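upload-v8.txt (compact mmCIF, C-alpha atoms)
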# COMPACT_ATOMS: atom_id res chain seq x y z
CA MET A 1 46.00 114.92 159.22
CA ASN A 2 43.76 114.42 162.23
CA VAL A 3 40.34 112.83 161.96
CA ASP A 4 38.40 116.07 162.46
CA ALA A 5 40.30 117.79 159.67
CA MET A 6 39.75 114.75 157.50
CA ILE A 7 35.99 114.77 158.09
CA ALA A 8 35.82 118.52 157.50
CA ALA A 9 37.67 118.10 154.22
CA ALA A 10 35.39 115.20 153.25
CA LYS A 11 32.33 117.42 153.77
CA ARG A 12 33.81 120.03 151.40
CA LEU A 13 34.94 117.45 148.86
CA GLY A 14 33.05 117.79 145.59
CA ALA A 15 31.20 120.91 146.68
CA GLY A 16 32.52 122.96 143.77
CA PRO A 17 31.54 120.54 140.96
CA ALA A 18 28.18 119.92 142.68
CA ASP A 19 27.45 123.65 142.83
CA ARG A 20 28.32 124.03 139.18
CA LEU A 21 25.85 121.29 138.22
CA ASP A 22 22.79 122.69 136.43
CA VAL A 23 20.20 120.74 138.38
CA GLU A 24 17.22 121.93 136.32
CA ALA A 25 18.93 120.88 133.10
CA THR A 26 19.88 117.54 134.66
CA ALA A 27 16.28 116.89 135.73
CA ARG A 28 15.04 117.79 132.24
CA ARG A 29 17.57 115.51 130.56
CA VAL A 30 16.75 112.60 132.90
CA MET A 31 13.07 112.89 131.99
CA GLU A 32 13.89 113.04 128.28
CA ARG A 33 16.09 109.97 128.48
CA LEU A 34 13.46 108.04 130.41
CA ARG A 35 10.96 108.81 127.63
CA GLU A 36 13.40 108.04 124.81
CA GLN A 37 14.67 104.67 126.02
CA PRO A 38 12.46 101.56 126.18
CA ALA A 39 11.16 100.28 129.49
CA HIS A 40 13.85 98.86 131.69
CA ARG A 41 12.00 95.65 132.43
CA LEU A 42 11.61 94.83 128.74
CA ALA A 43 15.24 95.65 128.11
CA TRP A 44 16.25 93.45 131.04
CA ILE A 45 14.14 90.54 129.80
CA HIS A 46 15.60 90.99 126.32
CA VAL A 47 19.13 90.87 127.72
CA GLN A 48 18.33 87.73 129.72
CA TRP A 49 16.93 85.97 126.64
CA VAL A 50 19.97 86.88 124.62
CA ARG A 51 22.18 85.44 127.37
CA ILE A 52 20.14 82.21 127.53
CA ALA A 53 20.24 81.86 123.73
CA ALA A 54 23.99 82.42 123.75
CA ALA A 55 24.44 79.75 126.45
CA VAL A 56 22.33 77.25 124.48
CA ALA A 57 24.27 77.99 121.30
CA ILE A 58 27.57 77.41 123.12
CA VAL A 59 26.40 74.11 124.63
CA VAL A 60 24.89 72.76 121.40
CA GLY A 61 27.73 74.03 119.22
CA GLY A 62 30.33 72.66 121.61
CA GLY A 63 28.56 69.29 121.68
CA LEU A 64 28.48 69.09 117.90
CA ALA A 65 32.12 70.05 117.65
CA LEU A 66 33.09 67.38 120.19
CA HIS A 67 30.94 64.83 118.39
CA GLN A 68 32.73 65.56 115.13
CA MET A 69 36.13 65.32 116.76
CA TRP A 70 35.39 62.08 118.65
CA PRO A 71 32.41 60.23 117.11
CA VAL A 72 30.74 57.92 119.61
CA ASN A 73 28.74 54.72 119.25
CA GLU A 74 25.34 55.66 120.64
CA ALA A 75 24.74 52.25 122.23
CA SER A 76 28.06 51.76 123.99
CA GLY A 77 29.23 55.31 124.36
CA HIS A 78 32.54 54.29 122.75
CA PRO A 79 33.81 54.91 119.23
CA ALA A 80 32.46 52.41 116.67
CA HIS A 81 34.62 49.30 116.51
CA PHE A 82 34.26 46.11 114.48
CA VAL A 83 35.79 42.78 115.41
CA ALA A 84 35.98 41.99 111.71
CA ASP A 85 38.55 44.79 111.39
CA ASP A 86 40.71 43.08 113.97
CA LEU A 87 40.69 39.98 111.80
CA SER A 88 42.16 41.78 108.83
CA ASP A 89 45.37 39.79 109.09
CA LEU A 90 43.54 36.49 108.72
CA SER A 91 43.53 34.62 105.46
CA THR A 92 40.35 33.55 103.70
CA ASP A 93 40.65 30.04 105.13
CA GLN A 94 41.20 31.31 108.63
CA LEU A 95 38.14 33.61 108.32
CA ARG A 96 36.15 30.62 107.12
CA ASP A 97 37.31 28.69 110.23
CA VAL A 98 36.25 31.50 112.55
CA LEU A 99 32.80 31.61 110.99
CA ALA A 100 32.50 27.84 111.04
CA ARG A 101 33.30 27.75 114.75
CA PHE A 102 30.83 30.53 115.31
CA ASP A 103 28.30 28.57 113.28
CA GLU A 104 28.84 25.59 115.60
CA MET A 105 28.39 27.76 118.70
CA VAL A 106 25.09 29.26 117.56
CA GLY A 107 24.03 26.23 115.57
CA ALA A 108 20.95 25.79 117.65
CA THR A 109 19.58 29.18 116.62
CA GLY A 110 20.32 28.90 112.93
CA PRO A 111 23.14 28.91 110.38
CA VAL A 112 25.61 31.78 110.01
CA SER A 113 25.84 31.38 106.23
CA PRO A 114 23.97 34.13 104.44
CA GLU A 115 20.89 33.30 102.50
CA GLY A 116 21.66 32.03 99.04
CA SER A 117 25.32 31.28 99.77
CA GLY A 118 24.66 27.71 100.93
CA ASP A 119 28.18 27.09 102.17
CA LEU A 120 30.94 29.24 103.74
CA ARG A 121 33.42 27.58 101.38
CA GLU A 122 31.75 29.29 98.45
CA LEU A 123 32.38 32.80 99.88
CA ASP A 124 35.41 34.92 99.07
CA GLU A 125 37.32 37.06 101.62
CA GLN A 126 35.18 40.19 101.09
CA GLN A 127 31.98 38.24 101.54
CA LEU A 128 33.30 36.53 104.67
CA ARG A 129 34.16 39.90 106.23
CA ARG A 130 30.69 41.18 105.34
CA VAL A 131 29.16 38.19 107.12
CA LEU A 132 31.28 38.87 110.21
CA ARG A 133 30.18 42.50 110.23
CA SER A 134 26.55 41.54 109.85
CA LEU A 135 26.90 39.25 112.86
CA GLU A 136 28.18 42.17 114.90
CA GLY A 137 25.10 44.14 114.02
CA MET B 1 -0.80 110.03 132.57
CA ALA B 2 -1.24 110.30 136.36
CA GLN B 3 -2.50 113.42 138.08
CA PRO B 4 0.55 115.41 139.21
CA LEU B 5 1.11 115.27 142.94
CA PRO B 6 0.81 118.67 144.63
CA ARG B 7 4.35 119.25 145.88
CA THR B 8 5.99 121.29 148.53
CA GLU B 9 9.52 121.13 149.86
CA THR B 10 8.19 119.00 152.68
CA THR B 11 6.57 116.38 150.47
CA PRO B 12 8.29 113.18 151.58
CA ASP B 13 10.45 111.28 149.13
CA ALA B 14 8.20 108.26 149.59
CA ALA B 15 5.20 110.22 148.27
CA LEU B 16 7.22 111.42 145.26
CA ILE B 17 8.39 107.87 144.57
CA ALA B 18 4.81 106.58 144.76
CA ALA B 19 3.71 109.37 142.39
CA TRP B 20 6.50 108.49 139.93
CA GLN B 21 5.40 104.86 140.02
CA THR B 22 2.01 105.97 138.73
CA GLY B 23 3.68 107.93 135.93
CA ASP B 24 4.05 111.42 137.44
CA GLU B 25 7.19 112.76 135.74
CA GLN B 26 7.19 115.95 137.76
CA ALA B 27 7.56 113.89 140.91
CA ALA B 28 10.66 112.26 139.44
CA ALA B 29 12.01 115.65 138.38
CA GLU B 30 11.53 116.90 141.94
CA LEU B 31 13.55 113.97 143.26
CA VAL B 32 16.35 114.90 140.86
CA ARG B 33 16.28 118.53 142.07
CA ARG B 34 16.37 117.36 145.67
CA HIS B 35 19.23 114.89 145.50
CA ALA B 36 21.35 115.71 142.45
CA ARG B 37 23.88 117.92 144.25
CA ALA B 38 24.42 115.51 147.14
CA LEU B 39 24.83 112.70 144.64
CA ALA B 40 27.29 114.82 142.64
CA ARG B 41 29.40 115.45 145.75
CA PHE B 42 29.40 111.75 146.56
CA LEU B 43 30.39 110.79 143.01
CA THR B 44 33.13 113.40 142.94
CA GLY B 45 34.49 112.14 146.23
CA ALA B 46 34.38 108.59 144.86
CA GLY B 47 36.48 109.62 141.88
CA ALA B 48 34.14 110.89 139.16
CA PRO B 49 35.82 113.39 136.84
CA GLU B 50 33.92 116.66 136.69
CA SER B 51 33.66 116.47 132.91
CA GLU B 52 31.55 113.31 133.27
CA LEU B 53 29.67 114.29 136.40
CA ASP B 54 26.43 115.41 134.76
CA ASP B 55 26.19 112.20 132.71
CA LEU B 56 26.93 110.03 135.73
CA VAL B 57 24.29 111.81 137.80
CA GLN B 58 21.74 111.39 135.00
CA GLU B 59 22.57 107.72 134.57
CA THR B 60 22.23 107.12 138.31
CA PHE B 61 18.75 108.68 138.40
CA ILE B 62 17.64 106.78 135.31
CA ARG B 63 18.73 103.45 136.82
CA ALA B 64 17.08 104.37 140.11
CA PHE B 65 13.76 105.35 138.53
CA ARG B 66 13.69 102.21 136.43
CA SER B 67 14.35 99.91 139.35
CA VAL B 68 12.42 101.86 141.94
CA ASP B 69 10.15 98.84 142.49
CA ARG B 70 13.12 97.24 144.25
CA PHE B 71 13.44 100.14 146.69
CA ARG B 72 11.62 98.99 149.82
CA GLY B 73 12.43 101.91 152.05
CA GLN B 74 15.18 99.95 153.80
CA CYS B 75 17.17 103.20 153.86
CA GLN B 76 16.65 106.76 152.70
CA PHE B 77 16.11 107.25 148.98
CA ARG B 78 19.23 109.44 148.84
CA THR B 79 21.38 106.72 150.41
CA TRP B 80 19.99 104.13 148.00
CA LEU B 81 20.72 106.52 145.16
CA MET B 82 24.35 106.78 146.22
CA THR B 83 24.81 103.02 146.21
CA ILE B 84 23.46 103.01 142.64
CA GLY B 85 25.81 105.89 141.87
CA GLY B 86 28.72 103.75 143.10
CA ASN B 87 27.73 101.03 140.61
CA VAL B 88 27.32 103.54 137.80
CA LEU B 89 30.78 104.90 138.52
CA LYS B 90 32.24 101.40 138.59
CA ASP B 91 30.66 100.59 135.21
CA PHE B 92 31.97 103.88 133.86
CA GLY B 93 35.48 102.94 135.02
CA ARG B 94 35.19 99.57 133.24
CA ARG B 95 34.08 101.23 130.02
CA MET B 96 37.01 103.60 130.18
CA LYS B 97 39.39 100.72 130.75
CA ARG B 98 37.99 98.87 127.74
CA ARG B 99 38.52 101.95 125.63
CA ALA B 100 42.05 102.05 127.04
CA VAL B 101 41.72 105.73 127.87
CA ILE B 102 42.59 105.96 131.54
CA PRO B 103 41.84 103.56 134.37
CA LEU B 104 39.40 104.77 137.01
CA ASP B 105 42.11 104.87 139.64
CA GLU B 106 44.13 107.29 137.58
CA MET B 107 41.04 109.14 136.53
CA VAL B 108 40.14 110.23 140.03
CA ARG B 109 39.97 113.97 140.10
CA ASP B 110 43.48 115.26 140.47
CA VAL B 111 42.88 118.55 142.21
CA THR B 112 46.58 119.31 142.32
CA GLY B 113 46.78 119.34 138.52
CA ASP B 114 43.77 121.46 137.63
CA PRO B 115 44.41 125.19 138.06
CA HIS B 116 40.71 126.00 138.39
CA GLU B 117 40.11 123.39 141.07
CA LEU B 118 43.42 124.16 142.68
CA ALA B 119 42.15 127.67 143.30
CA GLU B 120 39.12 126.48 145.14
CA ALA B 121 40.18 123.23 146.78
CA SER B 122 42.16 123.47 149.93
CA GLU B 123 45.35 121.51 150.20
CA THR B 124 43.67 119.24 152.71
CA GLU B 125 40.91 118.34 150.24
CA ALA B 126 43.49 117.66 147.58
CA ARG B 127 45.35 115.28 149.85
CA LEU B 128 42.16 113.60 150.94
CA ALA B 129 41.03 113.11 147.33
CA ALA B 130 44.37 111.53 146.54
CA GLY B 131 44.09 109.28 149.61
CA LEU B 132 40.54 108.21 148.76
CA LYS B 133 41.52 106.97 145.35
CA ALA B 134 43.93 104.53 146.98
CA LEU B 135 41.17 102.94 149.12
CA PRO B 136 39.20 99.82 148.18
CA ARG B 137 35.79 100.75 146.79
CA LEU B 138 33.77 99.62 149.81
CA GLN B 139 35.96 101.50 152.28
CA ARG B 140 35.85 104.60 150.10
CA GLU B 141 32.05 104.52 149.85
CA VAL B 142 31.50 103.82 153.53
CA PHE B 143 33.89 106.64 154.41
CA LEU B 144 32.07 109.08 152.11
CA LEU B 145 28.62 108.05 153.31
CA ARG B 146 29.72 108.51 156.89
CA ALA B 147 32.12 111.48 156.78
CA GLN B 148 30.81 113.43 153.79
CA GLN B 149 27.09 112.63 153.95
CA GLY B 150 26.90 112.29 157.72
CA LEU B 151 24.95 109.02 157.74
CA GLU B 152 24.61 106.64 160.68
CA TYR B 153 26.14 103.16 160.46
CA GLN B 154 22.65 101.66 160.60
CA GLU B 155 21.67 103.59 157.47
CA ILE B 156 24.92 102.77 155.66
CA ALA B 157 24.56 99.10 156.54
CA ALA B 158 20.98 98.99 155.24
CA ALA B 159 22.03 100.58 151.95
CA LEU B 160 25.02 98.31 151.44
CA ALA B 161 23.25 95.16 152.67
CA THR B 162 25.71 94.63 155.48
CA THR B 163 25.69 94.99 159.26
CA PRO B 164 26.28 98.21 161.18
CA GLY B 165 29.30 96.54 162.80
CA ALA B 166 30.82 95.72 159.42
CA ALA B 167 30.15 99.26 158.19
CA ARG B 168 31.91 100.62 161.28
CA VAL B 169 34.91 98.37 160.65
CA HIS B 170 35.12 99.53 157.01
CA TYR B 171 34.97 103.14 158.13
CA HIS B 172 37.73 102.71 160.69
CA HIS B 173 39.93 100.87 158.21
CA ALA B 174 39.38 103.73 155.78
CA VAL B 175 40.27 106.36 158.39
CA ARG B 176 43.38 104.46 159.44
CA ARG B 177 44.58 104.09 155.87
CA LEU B 178 43.81 107.71 155.07
CA LYS B 179 45.78 108.84 158.13
CA GLU B 180 48.73 106.82 156.84
CA THR B 181 48.57 108.05 153.29
CA VAL B 182 47.28 111.60 153.78
CA LYS B 183 49.90 113.20 156.00

As a first step, turn the structure in this file into C-alpha cells.
Amino acid sequence: MNVDAMIAAAKRLGAGPADRLDVEATARRVMERLREQPAHRLAWIHVQWVRIAAAVAIVVGGGLALHQMWPVNEASGHPAHFVADDLSDLSTDQLRDVLARFDEMVGATGPVSPEGSGDLRELDEQQLRRVLRSLEG
Amino acid sequence: MAQPLPRTETTPDAALIAAWQTGDEQAAAELVRRHARALARFLTGAGAPESELDDLVQETFIRAFRSVDRFRGQCQFRTWLMTIGGNVLKDFGRRMKRRAVIPLDEMVRDVTGDPHELAEASETEARLAAGLKALPRLQREVFLLRAQQGLEYQEIAAALATTPGAARVHYHHAVRRLKETVK
C-alpha cells in the first residue's frame, strides 16, 4: 500500500461508526452525567486522601509487624540482652565472686549489695541474678 | 446559573469553554455537537469497538469538561480532546483486561469479521485498521492525528507534550511499519 492510499484510507477510517453516532443524544447524556456525578475536584481530592491514608496504614502496620517479629531495645537499637543471662552456667559461688569483684570496682560509688541484704553471701542464686540484672538497668 | 452564551456556528471554542466554566451547560453541549464525530472517528481508528463508542465519547467529554481548567489553549480543543480520548480508551482496555474479556489489542475493530462493516469498509481500510492495532500507542495516535485528522506536527507536539521533530519521527515510524504490515 502506498502512502497516499494509506492516508486516504485513514481519513475514511471510522467514518461509518461516527456517522451512526447520535450526537444530540450523546450531548444530552454528557450533560446528565455531569449533573449526576459529584464535582471532579472533590472526587480527586477524596481519591488522594484515600491513597495517603492507605500509604500511612501500610507504613504503620508494616512497622508494627516488624516490631513484633524482631523486638528492639529502644536505647541501643538491638534486641534486649542481659549479661546476667550469659552467666547462667555459673554457680552461686561464682556469681557471688563476680558481684564481689564488681563491688570492688565501683566501691568508691557505693556497695552493690541490695538494701537490707547486708552481705552477698546471704543471697541465693535467684537473688544474685536479680542484683546483676538491676546493675544492668 | 450563568447566562447562556448566544451561539452561532462561528462562536470560537474558546468562548464556549469560557461559558462552560461559568456554568453554561448549553455551551458544553455545543462543544459535544461540534467535536463528537471527529472524536468518534479518532477513537475508532485507535481501536474502540463500535458497541462502546458512544460511552467512550461521553466519558472523554466528561473528563475534558471536568479538567478544562488545565486546558491552556496550547493546542486546539479538539486535539486536546483526542489526547484525553486516547487515555479513556487505554483505561477502557485495562478494565476489559481485568474482567478477562478480551484484551484491547484483540478488541480492535475487526472489519473483516463484521458483515455490516465489511459492506461499507473498503479492503484498504480493513487492512489499515489491522495494521494500526499492531502499532505502539504513541505511533498509532500520532499517525491518526496526522493522517486522519490532518493536523500539523506543531499541533500534535503541543497536544502530546513533545517536540514537532519527535512527532514527525513517530509518524514516519508508523508509516514505515504500516507499509510493512499492510501490503

For CA of His170 in chain B and CA of Ala8 in chain A, determine how far apart the two atoms are, in Å to one decimal place.
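Distance reported for this atom pair: 19.0 Å.
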
Per-residue nearest contacts chain B to chain A, cut-off 7 Å, using all atoms listed in the file, as CSV:
residue,atom,partner,partner_atom,distance
B:Glu25,CA,A:Met31,CA,7.0
B:Ala29,CA,A:Ala27,CA,5.2
B:Val32,CA,A:Ala27,CA,5.5
B:Arg33,CA,A:Val23,CA,5.8
B:Ala36,CA,A:Val23,CA,6.6
B:Arg37,CA,A:Ala18,CA,5.0
B:Ala40,CA,A:Ala18,CA,5.2
B:Arg41,CA,A:Gly14,CA,4.3
B:Thr44,CA,A:Gly14,CA,5.1
B:Gly45,CA,A:Gly14,CA,5.9
B:Glu50,CA,A:Pro17,CA,6.2
B:Asp54,CA,A:Leu21,CA,6.8
B:Gln58,CA,A:Val30,CA,5.5
B:Ile62,CA,A:Val30,CA,6.4
B:Arg66,CA,A:His40,CA,5.8
B:Thr124,CA,A:Ala9,CA,6.3
B:Glu125,CA,A:Ala9,CA,5.1
B:Ala147,CA,A:Ile7,CA,5.2
B:Gln148,CA,A:Lys11,CA,4.3
B:Lys179,CA,A:Met1,CA,6.2
B:Val182,CA,A:Met1,CA,6.5
B:Lys183,CA,A:Met1,CA,5.3

Find the spatial neighbours of range 129-141 of chain B, counting all atoms listed in the file, within a cut-off of 10 Å - ignore same-chain residues fewer than 5 positions away - and output them as a PDB file with C-alpha atoms, in the coordinates of the input.
ATOM      1  CA  ALA A   9      37.670 118.100 154.220  1.00  0.00           C
ATOM      2  CA  ALA A  10      35.390 115.200 153.250  1.00  0.00           C
ATOM      3  CA  LEU A  13      34.940 117.450 148.860  1.00  0.00           C
ATOM      4  CA  GLY A  14      33.050 117.790 145.590  1.00  0.00           C
TER       5      GLY A  14
ATOM      6  CA  PHE B  42      29.400 111.750 146.560  1.00  0.00           C
ATOM      7  CA  LEU B  43      30.390 110.790 143.010  1.00  0.00           C
ATOM      8  CA  THR B  44      33.130 113.400 142.940  1.00  0.00           C
ATOM      9  CA  GLY B  45      34.490 112.140 146.230  1.00  0.00           C
ATOM     10  CA  ALA B  46      34.380 108.590 144.860  1.00  0.00           C
ATOM     11  CA  GLY B  47      36.480 109.620 141.880  1.00  0.00           C
ATOM     12  CA  MET B  82      24.350 106.780 146.220  1.00  0.00           C
ATOM     13  CA  THR B  83      24.810 103.020 146.210  1.00  0.00           C
ATOM     14  CA  GLY B  86      28.720 103.750 143.100  1.00  0.00           C
ATOM     15  CA  LYS B  90      32.240 101.400 138.590  1.00  0.00           C
ATOM     16  CA  LEU B 104      39.400 104.770 137.010  1.00  0.00           C
ATOM     17  CA  ASP B 105      42.110 104.870 139.640  1.00  0.00           C
ATOM     18  CA  GLU B 106      44.130 107.290 137.580  1.00  0.00           C
ATOM     19  CA  MET B 107      41.040 109.140 136.530  1.00  0.00           C
ATOM     20  CA  VAL B 108      40.140 110.230 140.030  1.00  0.00           C
ATOM     21  CA  ARG B 109      39.970 113.970 140.100  1.00  0.00           C
ATOM     22  CA  ASP B 110      43.480 115.260 140.470  1.00  0.00           C
ATOM     23  CA  VAL B 111      42.880 118.550 142.210  1.00  0.00           C
ATOM     24  CA  THR B 112      46.580 119.310 142.320  1.00  0.00           C
ATOM     25  CA  GLU B 123      45.350 121.510 150.200  1.00  0.00           C
ATOM     26  CA  THR B 124      43.670 119.240 152.710  1.00  0.00           C
ATOM     27  CA  ARG B 146      29.720 108.510 156.890  1.00  0.00           C
ATOM     28  CA  ALA B 147      32.120 111.480 156.780  1.00  0.00           C
ATOM     29  CA  GLN B 148      30.810 113.430 153.790  1.00  0.00           C
ATOM     30  CA  ILE B 156      24.920 102.770 155.660  1.00  0.00           C
ATOM     31  CA  LEU B 160      25.020  98.310 151.440  1.00  0.00           C
ATOM     32  CA  ALA B 167      30.150  99.260 158.190  1.00  0.00           C
ATOM     33  CA  ARG B 168      31.910 100.620 161.280  1.00  0.00           C
ATOM     34  CA  VAL B 169      34.910  98.370 160.650  1.00  0.00           C
ATOM     35  CA  HIS B 170      35.120  99.530 157.010  1.00  0.00           C
ATOM     36  CA  TYR B 171      34.970 103.140 158.130  1.00  0.00           C
ATOM     37  CA  HIS B 172      37.730 102.710 160.690  1.00  0.00           C
ATOM     38  CA  HIS B 173      39.930 100.870 158.210  1.00  0.00           C
ATOM     39  CA  ALA B 174      39.380 103.730 155.780  1.00  0.00           C
ATOM     40  CA  VAL B 175      40.270 106.360 158.390  1.00  0.00           C
ATOM     41  CA  ARG B 177      44.580 104.090 155.870  1.00  0.00           C
ATOM     42  CA  LEU B 178      43.810 107.710 155.070  1.00  0.00           C
ATOM     43  CA  LYS B 179      45.780 108.840 158.130  1.00  0.00           C
ATOM     44  CA  GLU B 180      48.730 106.820 156.840  1.00  0.00           C
ATOM     45  CA  THR B 181      48.570 108.050 153.290  1.00  0.00           C
ATOM     46  CA  VAL B 182      47.280 111.600 153.780  1.00  0.00           C
ATOM     47  CA  LYS B 183      49.900 113.200 156.000  1.00  0.00           C
TER      48      LYS B 183
END

Of B:Thr162, B:Phe77, B:Thr60, B:Glu152, the one nearest to Ala15 in chain B when counting only C-alpha atoms is B:Phe77

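Here CA of Leu31 in chain B stands at a distance of 8.1 Å from CA of Ile17 in chain B.
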
Just the number, please: distance in Å from CA of Phe71 in chain B to CA of Thr22 in chain B, one decimal.
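Computing the Euclidean distance for CA of Phe71 in chain B and CA of Thr22 in chain B yields 15.1 Å.
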
Because the input lacks atoms here, generate N, CA and C atoms for range 142-157 of chain B and report them as an mmCIF file, keeping the file's coordinate frame.
data_model
loop_
_atom_site.group_PDB
_atom_site.id
_atom_site.type_symbol
_atom_site.label_atom_id
_atom_site.label_comp_id
_atom_site.auth_asym_id
_atom_site.auth_seq_id
_atom_site.Cartn_x
_atom_site.Cartn_y
_atom_site.Cartn_z
ATOM 1 N N VAL B 142 31.945 103.723 152.136
ATOM 2 C CA VAL B 142 31.500 103.820 153.530
ATOM 3 C C VAL B 142 32.036 105.109 154.149
ATOM 4 N N PHE B 143 33.308 105.419 153.859
ATOM 5 C CA PHE B 143 33.890 106.640 154.410
ATOM 6 C C PHE B 143 33.099 107.866 153.933
ATOM 7 N N LEU B 144 32.792 107.917 152.648
ATOM 8 C CA LEU B 144 32.070 109.080 152.110
ATOM 9 C C LEU B 144 30.655 109.169 152.675
ATOM 10 N N LEU B 145 29.991 108.024 152.779
ATOM 11 C CA LEU B 145 28.620 108.050 153.310
ATOM 12 C C LEU B 145 28.609 108.524 154.764
ATOM 13 N N ARG B 146 29.654 108.143 155.474
ATOM 14 C CA ARG B 146 29.720 108.510 156.890
ATOM 15 C C ARG B 146 30.270 109.942 157.072
ATOM 16 N N ALA B 147 31.444 110.203 156.514
ATOM 17 C CA ALA B 147 32.120 111.480 156.780
ATOM 18 C C ALA B 147 31.548 112.617 155.923
ATOM 19 N N GLN B 148 31.279 112.351 154.664
ATOM 20 C CA GLN B 148 30.810 113.430 153.790
ATOM 21 C C GLN B 148 29.300 113.635 153.918
ATOM 22 N N GLN B 149 28.556 112.514 153.925
ATOM 23 C CA GLN B 149 27.090 112.630 153.950
ATOM 24 C C GLN B 149 26.515 112.601 155.361
ATOM 25 N N GLY B 150 27.335 112.251 156.321
ATOM 26 C CA GLY B 150 26.900 112.290 157.720
ATOM 27 C C GLY B 150 25.879 111.222 158.095
ATOM 28 N N LEU B 151 25.938 110.071 157.458
ATOM 29 C CA LEU B 151 24.950 109.020 157.740
ATOM 30 C C LEU B 151 25.363 108.148 158.922
ATOM 31 N N GLU B 152 24.364 107.576 159.575
ATOM 32 C CA GLU B 152 24.610 106.640 160.680
ATOM 33 C C GLU B 152 25.010 105.280 160.101
ATOM 34 N N TYR B 153 25.708 104.494 160.918
ATOM 35 C CA TYR B 153 26.140 103.160 160.460
ATOM 36 C C TYR B 153 24.932 102.287 160.080
ATOM 37 N N GLN B 154 23.860 102.451 160.862
ATOM 38 C CA GLN B 154 22.650 101.660 160.600
ATOM 39 C C GLN B 154 22.158 101.915 159.158
ATOM 40 N N GLU B 155 22.140 103.176 158.798
ATOM 41 C CA GLU B 155 21.670 103.590 157.470
ATOM 42 C C GLU B 155 22.627 103.088 156.373
ATOM 43 N N ILE B 156 23.917 103.229 156.631
ATOM 44 C CA ILE B 156 24.920 102.770 155.660
ATOM 45 C C ILE B 156 24.804 101.263 155.467
ATOM 46 N N ALA B 157 24.662 100.561 156.587
ATOM 47 C CA ALA B 157 24.560 99.100 156.540
ATOM 48 C C ALA B 157 23.333 98.664 155.735
#
